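Participant: Enclosed is the structure file work.csv (CSV, C-alpha atoms).
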```csv
chain,number,residue,atom,x,y,z
A,1,MET,CA,-9.4,-40.6,71.0
A,2,ASN,CA,-7.9,-40.2,67.6
A,3,ILE,CA,-5.3,-37.6,66.9
A,4,GLY,CA,-3.8,-36.1,63.7
A,5,ILE,CA,-0.4,-34.5,63.3
A,6,PHE,CA,0.5,-31.7,60.9
A,7,ILE,CA,4.1,-31.4,59.8
A,8,SER,CA,6.1,-29.5,57.2
A,9,GLY,CA,9.6,-30.8,57.6
A,10,SER,CA,11.8,-33.4,59.3
A,11,GLY,CA,9.0,-34.7,61.6
A,12,THR,CA,11.1,-35.5,64.6
A,13,ASN,CA,8.5,-34.3,67.0
A,14,MET,CA,5.9,-36.3,65.2
A,15,GLU,CA,8.2,-39.3,65.4
A,16,ALA,CA,8.6,-38.8,69.2
A,17,LEU,CA,4.8,-38.9,69.5
A,18,ALA,CA,4.6,-42.0,67.3
A,19,ARG,CA,7.2,-43.8,69.4
A,20,ARG,CA,5.5,-42.9,72.6
A,21,TRP,CA,2.2,-44.1,71.2
A,22,ARG,CA,3.6,-47.4,70.0
A,23,GLU,CA,5.2,-47.9,73.5
A,24,GLY,CA,1.8,-47.4,75.1
A,25,GLY,CA,2.7,-44.0,76.6
A,26,PHE,CA,-0.7,-42.4,76.1
A,27,THR,CA,-3.7,-43.5,78.2
A,28,GLN,CA,-6.4,-42.1,75.9
A,29,VAL,CA,-4.9,-42.0,72.4
A,30,GLN,CA,-6.5,-44.8,70.3
A,31,GLN,CA,-4.6,-44.0,67.2
A,32,ILE,CA,-2.5,-41.5,65.4
A,33,SER,CA,-4.9,-41.4,62.5
A,34,PHE,CA,-2.9,-39.5,60.0
A,35,VAL,CA,0.2,-37.3,59.5
A,36,LEU,CA,-0.5,-34.5,57.1
A,37,SER,CA,2.2,-32.5,55.4
A,38,ASP,CA,1.8,-29.4,53.3
A,39,ASN,CA,5.3,-30.1,51.9
A,40,PRO,CA,5.6,-33.1,49.6
A,41,LEU,CA,9.4,-33.2,50.2
A,42,ALA,CA,9.1,-33.3,54.0
A,43,PRO,CA,11.3,-36.2,55.3
A,44,GLY,CA,8.7,-36.7,58.1
A,45,ILE,CA,6.3,-38.3,55.6
A,46,GLU,CA,8.5,-41.4,55.1
A,47,LYS,CA,9.1,-41.6,58.9
A,48,ALA,CA,5.3,-41.6,59.5
A,49,ARG,CA,4.9,-44.5,57.0
A,50,ARG,CA,7.5,-46.5,58.8
A,51,TYR,CA,5.3,-46.3,61.9
A,52,GLY,CA,2.3,-47.5,59.7
A,53,ILE,CA,0.6,-44.1,60.0
A,54,GLU,CA,-1.5,-42.9,57.1
A,55,THR,CA,0.0,-39.9,55.4
A,56,LEU,CA,-1.6,-37.1,53.5
A,57,VAL,CA,0.2,-34.5,51.4
A,58,ILE,CA,-1.9,-31.4,50.7
A,59,GLN,CA,0.3,-28.9,49.1
A,60,ARG,CA,-0.9,-25.3,48.5
A,61,GLN,CA,-1.3,-24.9,44.7
A,62,LYS,CA,-0.2,-22.0,42.7
A,63,GLY,CA,-2.9,-19.3,42.8
A,64,GLU,CA,-4.8,-21.1,45.5
A,65,SER,CA,-6.1,-19.0,48.4
A,66,ARG,CA,-5.3,-20.0,51.9
A,67,GLU,CA,-9.0,-20.7,52.4
A,68,GLN,CA,-9.2,-23.0,49.4
A,69,HIS,CA,-6.1,-24.8,50.6
A,70,GLU,CA,-7.6,-25.2,54.1
A,71,GLU,CA,-10.8,-26.5,52.6
A,72,ARG,CA,-8.9,-29.3,50.9
A,73,ILE,CA,-7.1,-30.1,54.1
A,74,LEU,CA,-10.4,-30.2,56.0
A,75,THR,CA,-11.9,-32.5,53.3
A,76,ALA,CA,-8.9,-34.8,53.4
A,77,ILE,CA,-8.8,-35.2,57.2
A,78,SER,CA,-12.6,-35.3,57.8
A,79,PRO,CA,-12.8,-39.2,57.4
A,80,PHE,CA,-10.3,-39.6,60.2
A,81,SER,CA,-12.5,-38.0,62.9
A,82,ALA,CA,-9.5,-36.7,64.7
A,83,GLU,CA,-10.4,-35.1,68.0
A,84,LEU,CA,-7.0,-33.4,68.5
A,85,LEU,CA,-4.7,-31.8,65.9
A,86,VAL,CA,-1.0,-31.5,66.8
A,87,LEU,CA,1.0,-29.0,64.9
A,88,ALA,CA,4.5,-30.5,65.1
A,89,GLY,CA,6.7,-28.2,62.9
A,90,PHE,CA,3.8,-27.2,60.6
A,91,MET,CA,4.9,-24.0,59.0
A,92,ARG,CA,1.6,-22.5,58.0
A,93,ARG,CA,-0.6,-20.2,60.0
A,94,LEU,CA,-4.2,-21.5,60.2
A,95,SER,CA,-7.1,-19.1,59.5
A,96,PRO,CA,-9.8,-18.3,62.1
A,97,PHE,CA,-12.1,-20.3,59.8
A,98,PHE,CA,-10.0,-23.4,60.2
A,99,LEU,CA,-9.5,-22.9,63.9
A,100,SER,CA,-13.2,-22.6,64.5
A,101,ARG,CA,-13.6,-26.1,63.2
A,102,PHE,CA,-11.5,-27.5,66.0
A,103,PRO,CA,-12.1,-25.1,69.0
A,104,GLY,CA,-9.6,-25.8,71.7
A,105,LYS,CA,-8.5,-28.9,69.9
A,106,ILE,CA,-5.3,-27.7,68.2
A,107,ILE,CA,-2.0,-27.6,69.9
A,108,ASN,CA,1.4,-26.5,68.7
A,109,THR,CA,5.0,-26.9,69.8
A,110,HIS,CA,7.4,-24.0,69.7
A,111,PRO,CA,11.2,-24.1,70.4
A,112,SER,CA,11.4,-21.1,72.8
A,113,LEU,CA,9.9,-20.0,76.1
A,114,LEU,CA,7.0,-18.0,74.6
A,115,PRO,CA,6.3,-15.1,74.4
A,116,ALA,CA,10.1,-14.7,73.8
A,117,PHE,CA,11.2,-15.5,70.2
A,118,PRO,CA,7.9,-16.2,68.4
A,119,GLY,CA,8.0,-17.0,64.6
A,120,ILE,CA,10.5,-18.9,62.7
A,121,ASP,CA,14.0,-19.9,63.7
A,122,ALA,CA,13.3,-19.3,67.4
A,123,GLN,CA,16.4,-21.2,68.6
A,124,ARG,CA,18.7,-19.0,66.4
A,125,GLN,CA,16.9,-15.9,67.5
A,126,ALA,CA,17.6,-16.9,71.1
A,127,PHE,CA,21.2,-17.8,70.3
A,128,GLU,CA,21.8,-14.4,68.6
A,129,TYR,CA,20.1,-12.5,71.5
A,130,GLY,CA,22.7,-14.1,73.8
A,131,VAL,CA,20.3,-15.7,76.2
A,132,LYS,CA,21.5,-17.9,79.1
A,133,VAL,CA,18.1,-19.7,79.3
A,134,THR,CA,15.7,-20.5,76.5
A,135,GLY,CA,13.5,-23.6,76.2
A,136,CYS,CA,10.3,-24.8,74.5
A,137,THR,CA,6.6,-24.3,74.8
A,138,VAL,CA,3.5,-26.4,73.9
A,139,HIS,CA,0.4,-24.2,73.6
A,140,PHE,CA,-3.1,-24.1,72.4
A,141,VAL,CA,-3.4,-22.5,69.0
A,142,ASP,CA,-5.5,-19.4,68.6
A,143,GLU,CA,-5.5,-16.6,66.1
A,144,SER,CA,-2.4,-14.9,67.5
A,145,LEU,CA,1.0,-16.0,66.2
A,146,ASP,CA,2.4,-18.4,68.8
A,147,GLY,CA,0.2,-16.7,71.4
A,148,GLY,CA,-2.5,-19.2,72.7
A,149,PRO,CA,-2.7,-20.4,76.3
A,150,VAL,CA,0.5,-22.2,77.4
A,151,ILE,CA,0.1,-25.9,78.3
A,152,LEU,CA,3.7,-26.7,79.2
A,153,GLN,CA,7.1,-25.0,79.1
A,154,LYS,CA,10.5,-26.3,79.8
A,155,PRO,CA,13.6,-24.2,80.3
A,156,VAL,CA,16.9,-25.2,78.5
A,157,GLU,CA,20.2,-23.7,79.5
A,158,ARG,CA,22.6,-22.2,76.9
A,159,ARG,CA,26.1,-23.2,77.7
A,160,ASP,CA,29.2,-21.1,76.9
A,161,THR,CA,30.5,-23.9,74.6
A,162,ASP,CA,27.3,-24.3,72.7
A,163,THR,CA,27.1,-23.7,69.0
A,164,ALA,CA,23.7,-22.7,67.6
A,165,GLU,CA,23.2,-26.3,66.5
A,166,ASP,CA,24.1,-27.7,70.0
A,167,LEU,CA,21.5,-25.5,71.5
A,168,ARG,CA,18.9,-26.4,68.8
A,169,LEU,CA,19.4,-30.1,69.4
A,170,ARG,CA,19.2,-29.8,73.2
A,171,ILE,CA,15.9,-27.8,72.9
A,172,LEU,CA,14.6,-30.4,70.5
A,173,ALA,CA,15.2,-33.3,72.9
A,174,GLU,CA,13.2,-31.5,75.6
A,175,GLU,CA,10.5,-30.7,73.0
A,176,HIS,CA,10.0,-34.3,72.3
A,177,ARG,CA,9.2,-35.1,75.9
A,178,LEU,CA,7.2,-31.9,76.4
A,179,LEU,CA,4.9,-32.5,73.4
A,180,GLY,CA,4.1,-36.0,74.5
A,181,ASP,CA,3.3,-34.8,78.0
A,182,ALA,CA,1.1,-32.1,76.6
A,183,VAL,CA,-0.8,-34.6,74.3
A,184,GLU,CA,-1.4,-36.8,77.4
A,185,ILE,CA,-2.8,-33.9,79.4
A,186,VAL,CA,-5.0,-32.7,76.6
A,187,THR,CA,-6.3,-36.1,75.5
A,188,THR,CA,-7.1,-37.1,79.1
A,189,GLY,CA,-8.9,-33.7,79.7
A,190,ARG,CA,-7.1,-33.2,82.9
A,191,TYR,CA,-6.7,-29.5,82.7
A,192,ARG,CA,-8.7,-26.2,83.1
A,193,ILE,CA,-8.2,-22.9,81.4
A,194,LYS,CA,-8.9,-19.8,83.3
A,195,ASN,CA,-7.7,-16.3,82.3
A,196,ARG,CA,-5.3,-17.9,79.8
A,197,TYR,CA,-3.7,-20.0,82.5
A,198,VAL,CA,-3.8,-23.8,81.9
A,199,SER,CA,-3.8,-25.6,85.3
A,200,MET,CA,-3.5,-29.3,85.7
A,201,GLU,CA,-6.1,-31.3,87.6
A,202,SER,CA,-4.9,-33.9,90.0
A,203,ALA,CA,-6.6,-37.3,90.0
A,204,HIS,CA,-8.7,-36.7,93.1
A,205,GLU,CA,-10.4,-33.7,91.5
A,206,ASN,CA,-12.0,-35.9,88.8
B,1,MET,CA,36.7,-1.9,93.3
B,2,ASN,CA,34.0,0.4,94.6
B,3,ILE,CA,30.4,-0.1,93.5
B,4,GLY,CA,27.4,2.2,93.7
B,5,ILE,CA,23.8,1.0,93.7
B,6,PHE,CA,20.8,2.9,92.3
B,7,ILE,CA,17.3,2.2,93.7
B,8,SER,CA,13.8,3.7,93.6
B,9,GLY,CA,11.8,1.5,96.0
B,10,SER,CA,12.1,-1.2,98.6
B,11,GLY,CA,15.7,-1.9,98.0
B,12,THR,CA,15.6,-5.7,98.7
B,13,ASN,CA,18.0,-6.4,95.9
B,14,MET,CA,20.3,-3.7,97.2
B,15,GLU,CA,20.0,-5.3,100.7
B,16,ALA,CA,21.0,-8.7,99.3
B,17,LEU,CA,24.1,-7.2,97.9
B,18,ALA,CA,24.9,-5.4,101.1
B,19,ARG,CA,24.5,-8.6,103.1
B,20,ARG,CA,26.7,-10.6,100.7
B,21,TRP,CA,29.3,-7.8,100.8
B,22,ARG,CA,29.3,-7.7,104.7
B,23,GLU,CA,29.7,-11.5,104.7
B,24,GLY,CA,32.7,-11.3,102.5
B,25,GLY,CA,30.9,-12.8,99.5
B,26,PHE,CA,32.7,-10.6,96.9
B,27,THR,CA,36.4,-11.1,96.1
B,28,GLN,CA,36.9,-7.7,94.4
B,29,VAL,CA,34.4,-5.3,96.0
B,30,GLN,CA,36.2,-3.0,98.4
B,31,GLN,CA,33.1,-1.1,99.3
B,32,ILE,CA,29.5,-0.4,98.4
B,33,SER,CA,30.3,3.3,98.2
B,34,PHE,CA,26.8,4.7,98.1
B,35,VAL,CA,23.1,3.9,97.5
B,36,LEU,CA,21.4,6.5,95.4
B,37,SER,CA,17.6,6.9,95.2
B,38,ASP,CA,15.7,9.1,92.9
B,39,ASN,CA,12.7,8.7,95.3
B,40,PRO,CA,12.9,10.3,98.7
B,41,LEU,CA,10.3,7.9,100.0
B,42,ALA,CA,12.1,4.7,99.0
B,43,PRO,CA,12.2,2.3,102.0
B,44,GLY,CA,15.5,1.1,100.7
B,45,ILE,CA,17.2,4.3,101.8
B,46,GLU,CA,16.8,3.4,105.5
B,47,LYS,CA,17.9,-0.1,104.8
B,48,ALA,CA,21.1,1.1,103.2
B,49,ARG,CA,21.8,3.3,106.3
B,50,ARG,CA,21.4,0.3,108.6
B,51,TYR,CA,24.3,-1.3,106.6
B,52,GLY,CA,26.3,1.9,107.2
B,53,ILE,CA,26.2,2.8,103.5
B,54,GLU,CA,26.2,6.4,102.4
B,55,THR,CA,22.9,7.4,100.9
B,56,LEU,CA,22.1,10.0,98.3
B,57,VAL,CA,18.6,11.2,97.4
B,58,ILE,CA,18.5,13.0,94.0
B,59,GLN,CA,14.9,13.6,93.1
B,60,ARG,CA,14.0,14.9,89.7
B,61,GLN,CA,12.7,18.4,90.3
B,62,LYS,CA,9.6,19.9,88.7
B,63,GLY,CA,10.5,21.3,85.3
B,64,GLU,CA,13.9,19.7,85.4
B,65,SER,CA,15.0,18.0,82.2
B,66,ARG,CA,16.3,14.4,82.3
B,67,GLU,CA,19.8,15.7,81.4
B,68,GLN,CA,19.8,18.2,84.2
B,69,HIS,CA,18.7,15.5,86.7
B,70,GLU,CA,21.4,13.2,85.4
B,71,GLU,CA,24.0,16.0,85.7
B,72,ARG,CA,23.1,16.3,89.4
B,73,ILE,CA,23.3,12.6,89.8
B,74,LEU,CA,26.8,12.5,88.2
B,75,THR,CA,28.0,15.4,90.3
B,76,ALA,CA,26.7,13.7,93.5
B,77,ILE,CA,28.3,10.3,92.8
B,78,SER,CA,31.6,11.6,91.3
B,79,PRO,CA,33.4,11.8,94.7
B,80,PHE,CA,32.8,8.0,95.3
B,81,SER,CA,34.8,6.9,92.2
B,82,ALA,CA,32.5,3.9,91.7
B,83,GLU,CA,33.7,1.6,89.0
B,84,LEU,CA,30.4,-0.3,88.7
B,85,LEU,CA,26.9,1.0,88.9
B,86,VAL,CA,24.2,-1.6,89.9
B,87,LEU,CA,20.6,-0.7,89.0
B,88,ALA,CA,18.6,-2.6,91.6
B,89,GLY,CA,15.0,-1.6,91.1
B,90,PHE,CA,15.9,1.9,89.7
B,91,MET,CA,12.8,3.0,87.8
B,92,ARG,CA,14.4,5.5,85.4
B,93,ARG,CA,15.8,5.0,82.0
B,94,LEU,CA,19.3,6.5,81.8
B,95,SER,CA,20.2,8.6,78.7
B,96,PRO,CA,23.0,7.7,76.2
B,97,PHE,CA,24.9,10.6,77.7
B,98,PHE,CA,24.8,9.1,81.2
B,99,LEU,CA,25.6,5.6,79.9
B,100,SER,CA,28.6,7.0,78.0
B,101,ARG,CA,30.1,8.0,81.3
B,102,PHE,CA,30.2,4.4,82.5
B,103,PRO,CA,30.8,2.3,79.3
B,104,GLY,CA,30.1,-1.3,80.1
B,105,LYS,CA,30.0,-0.5,83.8
B,106,ILE,CA,26.3,-0.4,84.5
B,107,ILE,CA,24.3,-3.5,85.1
B,108,ASN,CA,20.6,-4.0,85.8
B,109,THR,CA,18.4,-6.7,87.3
B,110,HIS,CA,15.0,-7.5,85.8
B,111,PRO,CA,12.4,-9.9,87.0
B,112,SER,CA,11.8,-11.9,83.8
B,113,LEU,CA,13.7,-14.0,81.3
B,114,LEU,CA,14.4,-11.2,78.9
B,115,PRO,CA,13.5,-10.5,76.1
B,116,ALA,CA,10.2,-11.7,77.5
B,117,PHE,CA,8.2,-9.1,79.6
B,118,PRO,CA,10.4,-6.0,79.4
B,119,GLY,CA,9.3,-2.9,81.2
B,120,ILE,CA,7.4,-2.5,84.4
B,121,ASP,CA,5.6,-5.1,86.4
B,122,ALA,CA,7.3,-8.0,84.6
B,123,GLN,CA,6.2,-10.6,87.1
B,124,ARG,CA,2.6,-9.7,86.7
B,125,GLN,CA,2.9,-9.5,82.9
B,126,ALA,CA,4.2,-13.1,83.0
B,127,PHE,CA,1.5,-14.2,85.4
B,128,GLU,CA,-1.3,-12.8,83.2
B,129,TYR,CA,0.3,-14.3,80.1
B,130,GLY,CA,-0.1,-17.6,81.8
B,131,VAL,CA,3.5,-18.8,81.5
B,132,LYS,CA,4.7,-22.0,83.1
B,133,VAL,CA,8.3,-20.7,83.3
B,134,THR,CA,9.5,-17.2,83.9
B,135,GLY,CA,12.6,-16.0,85.8
B,136,CYS,CA,15.1,-13.2,86.2
B,137,THR,CA,17.9,-11.6,84.2
B,138,VAL,CA,20.9,-9.5,85.1
B,139,HIS,CA,22.2,-7.7,82.0
B,140,PHE,CA,24.5,-4.9,81.0
B,141,VAL,CA,22.6,-1.6,80.4
B,142,ASP,CA,22.7,-0.1,76.9
B,143,GLU,CA,20.4,2.3,75.2
B,144,SER,CA,17.6,-0.2,74.6
B,145,LEU,CA,15.0,-0.8,77.2
B,146,ASP,CA,16.0,-3.9,79.1
B,147,GLY,CA,18.0,-5.0,76.0
B,148,GLY,CA,21.7,-5.1,76.8
B,149,PRO,CA,23.9,-8.2,76.8
B,150,VAL,CA,22.7,-10.8,79.3
B,151,ILE,CA,25.1,-11.7,82.1
B,152,LEU,CA,23.0,-14.3,83.9
B,153,GLN,CA,19.5,-15.7,83.8
B,154,LYS,CA,17.7,-18.0,86.0
B,155,PRO,CA,14.4,-19.8,85.3
B,156,VAL,CA,11.6,-19.8,87.9
B,157,GLU,CA,8.6,-22.2,87.6
B,158,ARG,CA,5.1,-20.9,88.0
B,159,ARG,CA,3.0,-23.4,90.0
B,160,ASP,CA,-0.7,-23.9,89.6
B,161,THR,CA,-1.3,-22.8,93.2
B,162,ASP,CA,0.7,-19.6,92.8
B,163,THR,CA,-0.9,-16.2,93.3
B,164,ALA,CA,0.8,-13.3,91.5
B,165,GLU,CA,2.4,-12.4,94.8
B,166,ASP,CA,3.8,-16.0,95.4
B,167,LEU,CA,5.4,-15.9,91.9
B,168,ARG,CA,6.8,-12.4,92.5
B,169,LEU,CA,8.4,-13.4,95.8
B,170,ARG,CA,9.9,-16.6,94.3
B,171,ILE,CA,11.4,-14.6,91.4
B,172,LEU,CA,12.8,-12.1,93.9
B,173,ALA,CA,14.5,-14.7,96.0
B,174,GLU,CA,16.3,-16.0,92.9
B,175,GLU,CA,17.1,-12.4,91.8
B,176,HIS,CA,18.9,-11.8,95.0
B,177,ARG,CA,21.3,-14.6,94.4
B,178,LEU,CA,21.7,-13.9,90.7
B,179,LEU,CA,22.5,-10.2,91.1
B,180,GLY,CA,25.2,-11.0,93.6
B,181,ASP,CA,26.7,-13.6,91.3
B,182,ALA,CA,26.6,-11.1,88.4
B,183,VAL,CA,28.4,-8.5,90.5
B,184,GLU,CA,31.1,-11.0,91.4
B,185,ILE,CA,31.5,-11.9,87.7
B,186,VAL,CA,31.7,-8.3,86.5
B,187,THR,CA,33.9,-7.0,89.3
B,188,THR,CA,36.4,-9.8,88.8
B,189,GLY,CA,36.5,-9.2,85.1
B,190,ARG,CA,36.0,-12.9,84.4
B,191,TYR,CA,33.9,-12.6,81.3
B,192,ARG,CA,34.0,-11.8,77.6
B,193,ILE,CA,31.4,-10.3,75.4
B,194,LYS,CA,31.2,-11.4,71.8
B,195,ASN,CA,28.2,-10.8,69.5
B,196,ARG,CA,26.1,-9.9,72.5
B,197,TYR,CA,26.9,-13.2,74.3
B,198,VAL,CA,28.6,-12.9,77.7
B,199,SER,CA,30.7,-16.0,78.3
B,200,MET,CA,32.4,-16.8,81.6
B,201,GLU,CA,36.2,-17.4,81.7
B,202,SER,CA,37.3,-20.2,83.8
B,203,ALA,CA,40.3,-19.7,86.1
B,204,HIS,CA,42.9,-21.3,83.9
B,205,GLU,CA,42.2,-18.9,81.1
B,206,ASN,CA,43.4,-16.0,83.1
```
Taking this structure as input, can you express it in the form of structure tokens?

Facilitator:
Amino acid sequence: MNIGIFISGSGTNMEALARRWREGGFTQVQQISFVLSDNPLAPGIEKARRYGIETLVIQRQKGESREQHEERILTAISPFSAELLVLAGFMRRLSPFFLSRFPGKIINTHPSLLPAFPGIDAQRQAFEYGVKVTGCTVHFVDESLDGGPVILQKPVERRDTDTAEDLRLRILAEEHRLLGDAVEIVTTGRYRIKNRYVSMESAHEN
Amino acid sequence: MNIGIFISGSGTNMEALARRWREGGFTQVQQISFVLSDNPLAPGIEKARRYGIETLVIQRQKGESREQHEERILTAISPFSAELLVLAGFMRRLSPFFLSRFPGKIINTHPSLLPAFPGIDAQRQAFEYGVKVTGCTVHFVDESLDGGPVILQKPVERRDTDTAEDLRLRILAEEHRLLGDAVEIVTTGRYRIKNRYVSMESAHEN
């Protein structure tokens, strides 16, 4: 199976996937076919190159509609025949039209225990709320904002001595593991979705 | 310090506090002075009696305003000089007027990791959302619904084999411990609130 990764920024989650892939940590991922960024200044682009991964920069042009931008993205990624798209810090909401092209084949990582703290800057939202426990979520992407079926979640404790940055980094470290685990689950097809709940199949059920 | 407990139903969280108190598990709680129920049919009333705790049933009368009902509650509890009120499954929202009579001295337990799944039937809300992690929260009560500063939170994993009832009971067991721990923290005064964040003081800071 070939996977593609969408980023907009530093690309640390993408890098965690690339490292795991290079170390043979995925049983069904042939290749990370491409890393696409909508932001030409994203530091993740250079990181992807260092892993020998093809990079695509498809910036939204001035005056361009979301649909036109997405059409260009679809055209650019089409040759790679990716069977799974991983949004790893991709800061754009995809349209129903785009999603319909990859039904059930787009996943996203989010730095909170959804449905708490959707949207941007989730770690800071949690910090300012004063939570004792936050975490991260990998979920299927549907038309709701950060609202598709949850694949994996991991709690992360906020400690009294934490700065917002301490908390952000501790969540990020867990996110790296969680996203890789979710990619393994989805690419091996070892899951079922029923009433929004994503359950894992154990080996003997296959 | 004397504490009072408000319930509306089965009173299992109240019972956990009563058991801990009887076993000497609180350093500053002289007495659980009363258990108040707004529901005359609450099974928790009988449980409280078995622990030798005074019980008060103050039902809202037909046509009675919230303020009138709260006035009767205040009159009934006034002789007990409770310095902390613990809402343990109390299904009524208290008015700003009532809250102002016990500033910073009312805490509530809620069966989710707030701010996720506020309001009623939080465990079922989480189950139906399809979460992998939920939990419970003890927080100070302010005028927002389930929104005051968080004292303690504890994550609880949802397992693939869980029924909604399995999950509810696993959260409840954690809630029993968490609520007791929160009562100990609040009654010993070993905490500080800053920008909504409730931090614990260690012994040497006192």

Participant: After least-squares alignment of chain B to chain A over all Cα atoms in order, what RMSD do you get?

Facilitator: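 Across the paired C-alpha atoms, the RMSD reaches 0.1 Å.
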
Participant: Considering all atoms listed in the file, extract the chain A residues located within 8 Å of chain B and return them as a list in words.

Facilitator: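 Therefore, the residues near the partner are Leu113, Leu114, Pro115, Ala116, Glu128, Tyr129, Gly130, Val131, Lys132, Val133, Pro149, Val150, Ile151, Leu152, Gln153, Lys154, Pro155, Asp160, Asn195, Arg196, Tyr197, Val198, Ser199 and Met200 of chain A.
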
Participant: Identify the residues within 12 Å of coordinate (23.2, 11.6, 87.1) (same frame as the file), considering only C-alpha atoms, and give the answer as JSON, numbers by chain.

Facilitator: {"B": [6, 36, 37, 38, 56, 57, 58, 59, 60, 65, 66, 67, 68, 69, 70, 71, 72, 73, 74, 75, 76, 77, 78, 85, 92, 93, 94, 95, 96, 97, 98, 99, 100, 101, 102]}

Participant: How far is it from CA of Gly9 in chain A to CA of Leu41 in chain A, in Å with one decimal?

Facilitator: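 It comes out at 7.8 Å.
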
Participant: Between CA of Ile53 in chain A and CA of Phe26 in chain A, what distance in Å does the model show, to one decimal?

Facilitator: 16.2 Å

Participant: Extract, using only C-alpha atoms, all DNA, RNA and protein residues at most 12 Å from Val29 in chain A, discarding same-chain residues fewer than 4 positions from it, and format them as a PyMOL selection string.

Facilitator: chain A and resi 1-4+17-18+20-25+33+82-84+180+183-189

Participant: Write to file, as a compact mmCIF listing (two decimals), in the coordinates of the input, the residues of the selection just made, with C-alpha atoms.

Facilitator:
```txt
# COMPACT_ATOMS: atom_id res chain seq x y z
CA MET A 1 -9.40 -40.60 71.00
CA ASN A 2 -7.90 -40.20 67.60
CA ILE A 3 -5.30 -37.60 66.90
CA GLY A 4 -3.80 -36.10 63.70
CA LEU A 17 4.80 -38.90 69.50
CA ALA A 18 4.60 -42.00 67.30
CA ARG A 20 5.50 -42.90 72.60
CA TRP A 21 2.20 -44.10 71.20
CA ARG A 22 3.60 -47.40 70.00
CA GLU A 23 5.20 -47.90 73.50
CA GLY A 24 1.80 -47.40 75.10
CA GLY A 25 2.70 -44.00 76.60
CA SER A 33 -4.90 -41.40 62.50
CA ALA A 82 -9.50 -36.70 64.70
CA GLU A 83 -10.40 -35.10 68.00
CA LEU A 84 -7.00 -33.40 68.50
CA GLY A 180 4.10 -36.00 74.50
CA VAL A 183 -0.80 -34.60 74.30
CA GLU A 184 -1.40 -36.80 77.40
CA ILE A 185 -2.80 -33.90 79.40
CA VAL A 186 -5.00 -32.70 76.60
CA THR A 187 -6.30 -36.10 75.50
CA THR A 188 -7.10 -37.10 79.10
CA GLY A 189 -8.90 -33.70 79.70
```

Participant: When you draw a straight line from CA of Gly89 in chain A to CA of Gly44 in chain A, how long is it in Å?

Facilitator: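 Computing it gives 10.0 Å between the two atoms.
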
Participant: Under the rule that all atoms listed in the file are counted, which of A:Arg170, A:Arg190, A:Lys105, A:Arg19 is the nearest residue to Ala48 in chain A?

Facilitator: A:Arg19

Participant: Find the residues near Thr109 in chain B: any atom within 7 Å, counting all atoms listed in the file, skip ones fewer than 6 places away on the same chain, and give them as an MDAnalysis selection string.

Facilitator: chainID B and resid 87:88 137:139 179
